[in-house]
>>> print(open('data.csv').read())   # CSV, C-alpha atoms and all ligand atoms
chain,number,residue,atom,x,y,z
A,1,MET,CA,22.5,-39.6,11.6
A,2,SER,CA,25.2,-37.7,13.3
A,3,VAL,CA,24.3,-34.8,15.6
A,4,ILE,CA,25.6,-32.3,13.0
A,5,GLN,CA,23.5,-33.9,10.3
A,6,LYS,CA,20.5,-33.5,12.5
A,7,ILE,CA,21.3,-29.9,13.1
A,8,VAL,CA,21.7,-29.3,9.4
A,9,ALA,CA,18.3,-30.9,8.8
A,10,LEU,CA,16.8,-28.7,11.5
A,11,GLN,CA,18.3,-25.6,10.0
A,12,HIS,CA,16.9,-26.6,6.6
A,13,LEU,CA,13.4,-26.9,8.1
A,14,ASP,CA,13.7,-23.6,10.0
A,15,SER,CA,14.8,-21.8,6.8
A,16,GLN,CA,11.8,-23.1,4.9
A,17,LEU,CA,9.5,-21.9,7.7
A,18,GLN,CA,11.2,-18.5,7.6
A,19,ASP,CA,10.7,-18.3,3.9
A,20,ILE,CA,6.9,-18.9,4.3
A,21,ALA,CA,6.7,-16.2,7.0
A,22,GLU,CA,8.5,-13.7,4.7
A,23,LEU,CA,6.4,-14.6,1.7
A,24,LEU,CA,3.1,-14.0,3.6
A,25,GLY,CA,4.6,-11.1,5.5
A,26,ASP,CA,4.7,-9.0,2.4
A,27,LEU,CA,1.5,-9.8,0.6
A,28,PRO,CA,-1.1,-8.9,3.3
A,29,GLY,CA,0.7,-5.5,3.6
A,30,LYS,CA,0.3,-5.0,-0.2
A,31,VAL,CA,-3.4,-6.0,-0.1
A,32,ASN,CA,-4.0,-3.5,2.8
A,33,ALA,CA,-2.2,-0.7,1.0
A,34,LEU,CA,-4.4,-1.3,-2.1
A,35,LYS,CA,-7.5,-1.3,0.1
A,36,ASP,CA,-6.5,2.0,1.6
A,37,GLU,CA,-5.9,3.5,-1.8
A,38,GLU,CA,-9.3,2.1,-3.0
A,39,SER,CA,-11.1,3.7,0.0
A,40,SER,CA,-9.5,7.1,-0.4
A,41,LEU,CA,-10.4,7.1,-4.2
A,42,ILE,CA,-14.0,6.1,-3.3
A,43,LEU,CA,-14.1,9.0,-0.8
A,44,SER,CA,-12.7,11.5,-3.3
A,45,VAL,CA,-15.2,10.4,-6.0
A,46,GLU,CA,-18.0,10.8,-3.5
A,47,SER,CA,-16.9,14.2,-2.3
A,48,GLY,CA,-16.5,15.4,-5.9
A,49,LYS,CA,-20.0,14.2,-6.8
A,50,ALA,CA,-21.4,16.0,-3.8
A,51,ARG,CA,-19.7,19.2,-4.8
A,52,ILE,CA,-21.0,18.9,-8.4
A,53,LYS,CA,-24.5,18.6,-7.0
A,54,GLU,CA,-24.0,21.9,-5.0
A,55,LEU,CA,-22.6,23.6,-8.0
A,56,ASN,CA,-25.5,22.5,-10.2
A,57,LEU,CA,-27.9,24.0,-7.6
A,58,GLU,CA,-26.0,27.3,-7.6
A,59,LEU,CA,-25.8,27.4,-11.3
A,60,ASN,CA,-29.6,26.9,-11.7
A,61,LYS,CA,-30.1,29.6,-9.1
A,62,PHE,CA,-27.8,32.0,-11.1
A,63,GLU,CA,-29.6,31.2,-14.3
A,64,GLY,CA,-33.0,32.2,-12.7
A,65,GLN,CA,-31.4,35.4,-11.3
A,66,MET,CA,-29.9,36.3,-14.7
A,67,VAL,CA,-33.2,35.8,-16.5
A,68,ASP,CA,-34.9,37.9,-13.8
A,69,ILE,CA,-32.3,40.8,-14.1
A,70,LYS,CA,-32.4,40.8,-17.9
A,71,GLY,CA,-36.2,41.1,-17.8
A,72,LYS,CA,-35.9,44.0,-15.4
A,73,ILE,CA,-33.3,45.7,-17.6
A,74,ASP,CA,-35.6,45.3,-20.7
A,75,LYS,CA,-38.5,46.7,-18.8
A,76,HIS,CA,-36.5,49.8,-17.6
A,77,LYS,CA,-35.3,50.3,-21.2
A,78,ASP,CA,-38.9,50.4,-22.4
A,79,GLN,CA,-39.7,52.9,-19.7
A,80,LEU,CA,-36.9,55.2,-20.9
A,81,PHE,CA,-39.2,56.1,-23.9
A,82,LEU,CA,-42.1,57.0,-21.6
A,83,VAL,CA,-40.3,59.3,-19.1
A,84,THR,CA,-40.9,63.1,-19.3
A,85,THR,CA,-38.2,64.6,-17.2
A,86,ASN,CA,-34.4,64.4,-17.3
A,87,LYS,CA,-34.4,63.5,-13.6
A,88,GLN,CA,-36.6,60.4,-14.3
A,89,TYR,CA,-34.5,59.5,-17.2
A,90,ASP,CA,-31.3,59.7,-15.2
A,91,ALA,CA,-32.8,57.7,-12.4
A,92,LEU,CA,-33.8,54.9,-14.7
A,93,GLN,CA,-30.5,54.9,-16.5
A,94,HIS,CA,-28.8,54.7,-13.1
A,95,GLU,CA,-31.0,51.7,-12.2
A,96,ILE,CA,-30.2,50.0,-15.5
A,97,ASP,CA,-26.4,50.4,-14.9
A,98,HIS,CA,-26.8,49.0,-11.4
A,99,LEU,CA,-28.7,46.0,-12.8
A,100,LYS,CA,-26.0,45.4,-15.5
A,101,SER,CA,-23.2,45.4,-12.9
A,102,GLU,CA,-25.2,42.9,-10.9
A,103,LEU,CA,-25.6,40.7,-14.0
A,104,ASP,CA,-21.8,40.9,-14.6
A,105,LYS,CA,-21.1,39.7,-11.1
A,106,ILE,CA,-23.4,36.7,-11.4
A,107,GLU,CA,-22.0,35.8,-14.9
A,108,ILE,CA,-18.5,35.8,-13.6
A,109,GLN,CA,-19.4,33.7,-10.6
A,110,SER,CA,-21.4,31.4,-12.9
A,111,LEU,CA,-18.4,31.0,-15.2
A,112,GLU,CA,-16.1,30.1,-12.2
A,113,PHE,CA,-18.5,27.5,-11.0
A,114,THR,CA,-18.8,26.0,-14.5
A,115,GLU,CA,-15.1,25.7,-14.7
A,116,GLU,CA,-14.9,24.1,-11.3
A,117,LYS,CA,-17.6,21.7,-12.3
A,118,GLU,CA,-15.8,20.7,-15.5
A,119,SER,CA,-12.5,20.1,-13.8
A,120,LEU,CA,-14.2,18.1,-11.1
A,121,GLU,CA,-15.9,16.0,-13.8
A,122,GLU,CA,-12.6,15.3,-15.3
A,123,ARG,CA,-11.0,14.3,-12.0
A,124,ILE,CA,-13.9,12.0,-11.2
A,125,LYS,CA,-13.7,10.3,-14.6
A,126,SER,CA,-10.0,9.5,-14.1
A,127,GLU,CA,-10.5,8.5,-10.5
A,128,GLU,CA,-13.2,6.1,-11.5
A,129,GLU,CA,-11.0,4.6,-14.1
A,130,ASN,CA,-8.2,4.1,-11.5
A,131,LEU,CA,-10.7,2.6,-9.2
A,132,GLU,CA,-11.8,0.1,-11.7
A,133,SER,CA,-8.2,-1.2,-12.4
A,134,LEU,CA,-7.4,-1.0,-8.7
A,135,SER,CA,-10.4,-3.1,-7.8
A,136,ARG,CA,-9.4,-5.7,-10.4
A,137,ASP,CA,-5.9,-5.7,-9.1
A,138,LEU,CA,-7.2,-6.1,-5.5
A,139,VAL,CA,-9.4,-9.0,-6.4
A,140,GLY,CA,-6.5,-10.7,-8.0
A,141,ARG,CA,-4.2,-10.1,-5.1
A,142,ARG,CA,-6.7,-11.2,-2.6
A,143,LYS,CA,-7.2,-14.5,-4.4
A,144,LYS,CA,-3.5,-15.0,-4.6
A,145,LEU,CA,-3.2,-14.3,-0.9
A,146,GLU,CA,-5.9,-16.8,-0.1
A,147,VAL,CA,-4.3,-19.5,-2.2
A,148,LEU,CA,-1.0,-18.8,-0.7
A,149,MET,CA,-2.3,-18.8,2.8
A,150,ASN,CA,-4.1,-22.1,2.2
A,151,ASN,CA,-1.2,-23.7,0.6
A,152,SER,CA,1.3,-22.4,3.0
A,153,SER,CA,-0.7,-23.3,6.1
A,154,GLU,CA,-0.6,-26.9,5.0
A,155,GLU,CA,3.0,-26.6,4.1
A,156,LYS,CA,3.7,-24.8,7.4
A,157,ALA,CA,1.9,-27.4,9.5
A,158,LYS,CA,3.9,-30.2,7.8
A,159,LEU,CA,7.2,-28.4,8.3
A,160,GLU,CA,6.4,-27.7,11.9
A,161,SER,CA,5.7,-31.3,12.7
A,162,GLU,CA,8.8,-32.3,10.9
A,163,ARG,CA,10.7,-29.7,12.9
A,164,ASN,CA,9.3,-31.0,16.2
A,165,GLU,CA,10.3,-34.5,15.3
A,166,GLN,CA,13.8,-33.4,14.3
A,167,ARG,CA,14.2,-31.5,17.6
A,168,GLY,CA,13.1,-34.5,19.5
A,169,GLY,CA,16.1,-36.4,18.2
A,170,ILE,CA,18.7,-33.8,19.4
A,171,ASP,CA,19.9,-33.5,23.0
A,172,GLY,CA,18.8,-30.5,25.1
A,173,ALA,CA,22.2,-28.9,25.4
A,174,THR,CA,22.8,-28.9,21.7
A,175,LEU,CA,19.3,-27.6,21.0
A,176,SER,CA,19.6,-24.7,23.4
A,177,ARG,CA,22.9,-23.8,21.8
A,178,TYR,CA,21.3,-24.0,18.4
A,179,ASP,CA,18.4,-21.8,19.5
A,180,ARG,CA,20.7,-19.2,21.0
A,181,ILE,CA,22.8,-19.0,17.8
A,182,HIS,CA,19.6,-19.1,15.7
A,183,ASN,CA,18.2,-16.0,17.4
A,184,ALA,CA,21.5,-14.2,17.5
A,185,ARG,CA,22.5,-14.9,13.9
A,186,ARG,CA,19.2,-14.2,12.2
A,187,GLY,CA,18.2,-17.8,11.7
A,188,LEU,CA,21.5,-19.1,10.3
A,189,SER,CA,23.1,-21.3,12.9
A,190,VAL,CA,24.8,-23.9,10.8
A,191,VAL,CA,27.4,-23.0,8.1
A,192,THR,CA,29.8,-25.0,6.0
A,193,VAL,CA,33.6,-24.9,6.3
A,194,GLN,CA,35.0,-23.2,3.2
A,195,ARG,CA,38.7,-24.0,2.6
A,196,SER,CA,40.0,-23.3,6.1
A,197,ALA,CA,37.5,-20.7,7.1
A,198,CYS,CA,34.1,-20.4,8.7
A,199,GLY,CA,31.4,-20.0,6.0
A,200,GLY,CA,29.5,-17.6,8.2
A,201,CYS,CA,32.1,-15.1,9.4
A,202,GLY,CA,35.2,-16.1,7.6
A,203,ALA,CA,37.3,-16.8,10.7
A,204,PHE,CA,40.1,-19.3,10.5
A,205,ILE,CA,39.3,-22.8,11.5
A,206,PRO,CA,42.3,-25.0,12.7
A,207,PRO,CA,43.1,-28.0,10.5
A,208,GLN,CA,42.5,-30.3,13.5
A,209,ILE,CA,38.9,-29.1,13.8
A,210,ILE,CA,38.4,-29.2,10.1
A,211,SER,CA,39.3,-32.9,9.9
A,212,GLU,CA,36.9,-33.6,12.8
A,213,VAL,CA,34.2,-31.7,11.1
A,214,ARG,CA,34.9,-33.6,7.8
A,215,ALA,CA,34.6,-36.9,9.7
A,216,GLY,CA,31.2,-35.8,11.1
A,217,ARG,CA,32.5,-35.8,14.6
A,218,GLY,CA,31.6,-33.1,17.1
A,219,PRO,CA,29.5,-31.0,16.8
A,220,HIS,CA,32.1,-28.2,16.5
A,221,THR,CA,31.3,-24.5,16.5
A,222,CYS,CA,33.2,-21.5,15.2
A,223,ASP,CA,35.2,-19.8,17.9
A,224,SER,CA,34.4,-16.4,16.5
A,225,CYS,CA,30.7,-16.5,15.6
A,226,SER,CA,29.6,-19.6,17.5
A,227,ARG,CA,27.8,-21.1,14.5
A,228,PHE,CA,27.8,-24.9,14.1
A,229,LEU,CA,30.3,-26.1,11.4
A,230,TYR,CA,29.6,-28.8,8.9
A,231,TRP,CA,31.4,-30.3,5.9
A,232,GLU,CA,29.5,-30.3,2.6
A,233,SER,CA,30.9,-33.1,0.5
A,234,ALA,CA,31.0,-32.0,-3.1
A,301,ZN,ZN,32.3,-18.1,12.3
>>> encode(input="data.csv", output="structure tokens", more="lines below")
Ligand SMILES: [Zn+2]
Amino acid sequence: MSVIQKIVALQHLDSQLQDIAELLGDLPGKVNALKDEESSLILSVESGKARIKELNLELNKFEGQMVDIKGKIDKHKDQLFLVTTNKQYDALQHEIDHLKSELDKIEIQSLEFTEEKESLEERIKSEEENLESLSRDLVGRRKKLEVLMNNSSEEKAKLESERNEQRGGIDGATLSRYDRIHNARRGLSVVTVQRSACGGCGAFIPPQIISEVRAGRGPHTCDSCSRFLYWESA
């Protein structure tokens, strides 16, 4: 194996390792986002249910108050027949009017609470449905993530040992050049020569260098982007 062939093989292993990192890099993030969404839905359902409990207590209280006030109004109306003076009559009538306006206030408040309760019940129903499908989705994705992590950790270990072995066969100076370009060029340190240009940056490669690259001598690098050059036989 020529030096350039070794570098190409190393590049291939590095690319596969990079693919694994990218694959896993995305999925854990998605699983976490779903988990966040799930907990905020759970919280919202819980707070909605707590509010409904409060509203039910208030509504029960209102009901008791309304029964009470209606009873008082009836009693005052009965007394209207028993009074003997206009003054007593007016006083009773005044009290009845006052009670009626109290009753109105409570009825309006009761109606508002009932509406709030109904819209909360609707919200909770749809949130619970979302939660159900979200939880199913989450279970599925978690499983997928586990499988991927298991599979890829084996794959990763295998690739890493192959990578170490490959690096062992390359001289130190070439390796450090490879690593430098690898870091600077986002993981792509070896490119093919295409016609008479560098496959990485498109710079012109002199015919003399091309024929050396074709013959597998070198290794040669592009003057412009420093990537290693190799010839891919069709
Ligand atoms: Zn180049």
>>> residues_around(input="data.csv", residues="Asp171 of chain A", least_positions_apart="5", cutoff="12 Å", atoms="all atoms listed in the file", output="count of residues only")
10
>>> closest_atom_pairs(input="data.csv", of="chain A", to="ligand ZN 301 (chain A)", cutoff="10 Å", atoms="all atoms listed in the file", output="JSON lines")
{"residue": "A:Ser189", "atom": "CA", "partner": "A:ZN301", "partner_atom": "ZN", "distance": 9.8}
{"residue": "A:Val190", "atom": "CA", "partner": "A:ZN301", "partner_atom": "ZN", "distance": 9.6}
{"residue": "A:Val191", "atom": "CA", "partner": "A:ZN301", "partner_atom": "ZN", "distance": 8.1}
{"residue": "A:Thr192", "atom": "CA", "partner": "A:ZN301", "partner_atom": "ZN", "distance": 9.7}
{"residue": "A:Val193", "atom": "CA", "partner": "A:ZN301", "partner_atom": "ZN", "distance": 9.2}
{"residue": "A:Ala197", "atom": "CA", "partner": "A:ZN301", "partner_atom": "ZN", "distance": 7.8}
{"residue": "A:Cys198", "atom": "CA", "partner": "A:ZN301", "partner_atom": "ZN", "distance": 4.6}
{"residue": "A:Gly199", "atom": "CA", "partner": "A:ZN301", "partner_atom": "ZN", "distance": 6.6}
{"residue": "A:Gly200", "atom": "CA", "partner": "A:ZN301", "partner_atom": "ZN", "distance": 5.0}
{"residue": "A:Cys201", "atom": "CA", "partner": "A:ZN301", "partner_atom": "ZN", "distance": 4.2}
{"residue": "A:Gly202", "atom": "CA", "partner": "A:ZN301", "partner_atom": "ZN", "distance": 5.9}
{"residue": "A:Ala203", "atom": "CA", "partner": "A:ZN301", "partner_atom": "ZN", "distance": 5.4}
{"residue": "A:Phe204", "atom": "CA", "partner": "A:ZN301", "partner_atom": "ZN", "distance": 8.1}
{"residue": "A:Ile205", "atom": "CA", "partner": "A:ZN301", "partner_atom": "ZN", "distance": 8.5}
{"residue": "A:Thr221", "atom": "CA", "partner": "A:ZN301", "partner_atom": "ZN", "distance": 7.7}
{"residue": "A:Cys222", "atom": "CA", "partner": "A:ZN301", "partner_atom": "ZN", "distance": 4.6}
{"residue": "A:Asp223", "atom": "CA", "partner": "A:ZN301", "partner_atom": "ZN", "distance": 6.5}
{"residue": "A:Ser224", "atom": "CA", "partner": "A:ZN301", "partner_atom": "ZN", "distance": 5.0}
{"residue": "A:Cys225", "atom": "CA", "partner": "A:ZN301", "partner_atom": "ZN", "distance": 4.0}
{"residue": "A:Ser226", "atom": "CA", "partner": "A:ZN301", "partner_atom": "ZN", "distance": 6.0}
{"residue": "A:Arg227", "atom": "CA", "partner": "A:ZN301", "partner_atom": "ZN", "distance": 5.8}
{"residue": "A:Phe228", "atom": "CA", "partner": "A:ZN301", "partner_atom": "ZN", "distance": 8.4}
{"residue": "A:Leu229", "atom": "CA", "partner": "A:ZN301", "partner_atom": "ZN", "distance": 8.3}
>>> residues_around(input="data.csv", residues="Val45 of chain A", least_positions_apart="2", cutoff="12 Å", atoms="all atoms listed in the file", output="JSON, numbers by chain")
{"A": [38, 39, 40, 41, 42, 43, 47, 48, 49, 50, 51, 52, 120, 121, 122, 123, 124, 125, 126, 127, 128, 129, 130, 131]}
>>> residues_around(input="data.csv", residues="segment 96-108 of chain A", least_positions_apart="4", cutoff="9 Å", atoms="all atoms listed in the file", output="PyMOL selection string")
chain A and resi 62-63+65-66+69-70+72-74+76-77+91-92+112-113
>>> atom_distance(input="data.csv", atom1="atom CA of Leu24 of chain A", atom2="atom CA of Leu10 of chain A")
21.6 Å
>>> atom_distance(input="data.csv", atom1="atom CA of Pro28 of chain A", atom2="atom CA of Lys156 of chain A")
17.1 Å
>>> residues_around(input="data.csv", residues="Gly29 of chain A", least_positions_apart="5", cutoff="12 Å", atoms="all atoms listed in the file", output="JSON, numbers by chain")
{"A": [22, 23, 24, 34, 35, 36, 141, 142, 145]}
>>> closest_residue(input="data.csv", among="A:Asp14, A:Arg186, A:Gln5, A:Val67", to="Arg214 of chain A", atoms="all atoms listed in the file")
A:Gln5
>>> closest_residue(input="data.csv", among="A:Ser15, A:Asp179, A:Glu58, A:Val31", to="Arg167 of chain A", atoms="all atoms listed in the file")
A:Asp179
>>> atom_distance(input="data.csv", atom1="atom CA of Ala21 of chain A", atom2="atom CA of Leu188 of chain A")
15.4 Å
>>> closest_residue(input="data.csv", among="A:Asn183, A:Thr114, A:Gln16, A:Ser135", to="Glu37 of chain A", atoms="all atoms listed in the file")
A:Ser135
>>> closest_residue(input="data.csv", among="A:Glu160, A:Ser110, A:Gln194, A:Gln88", to="Asn60 of chain A", atoms="all atoms listed in the file")
A:Ser110
>>> closest_residue(input="data.csv", among="A:Glu132, A:Lys87, A:Arg195, A:Leu80", to="Glu232 of chain A", atoms="only C-alpha atoms")
A:Arg195
>>> closest_residue(input="data.csv", among="A:Lys53, A:Ala173, A:Lys30, A:Met1", to="Arg217 of chain A", atoms="all atoms listed in the file")
A:Met1
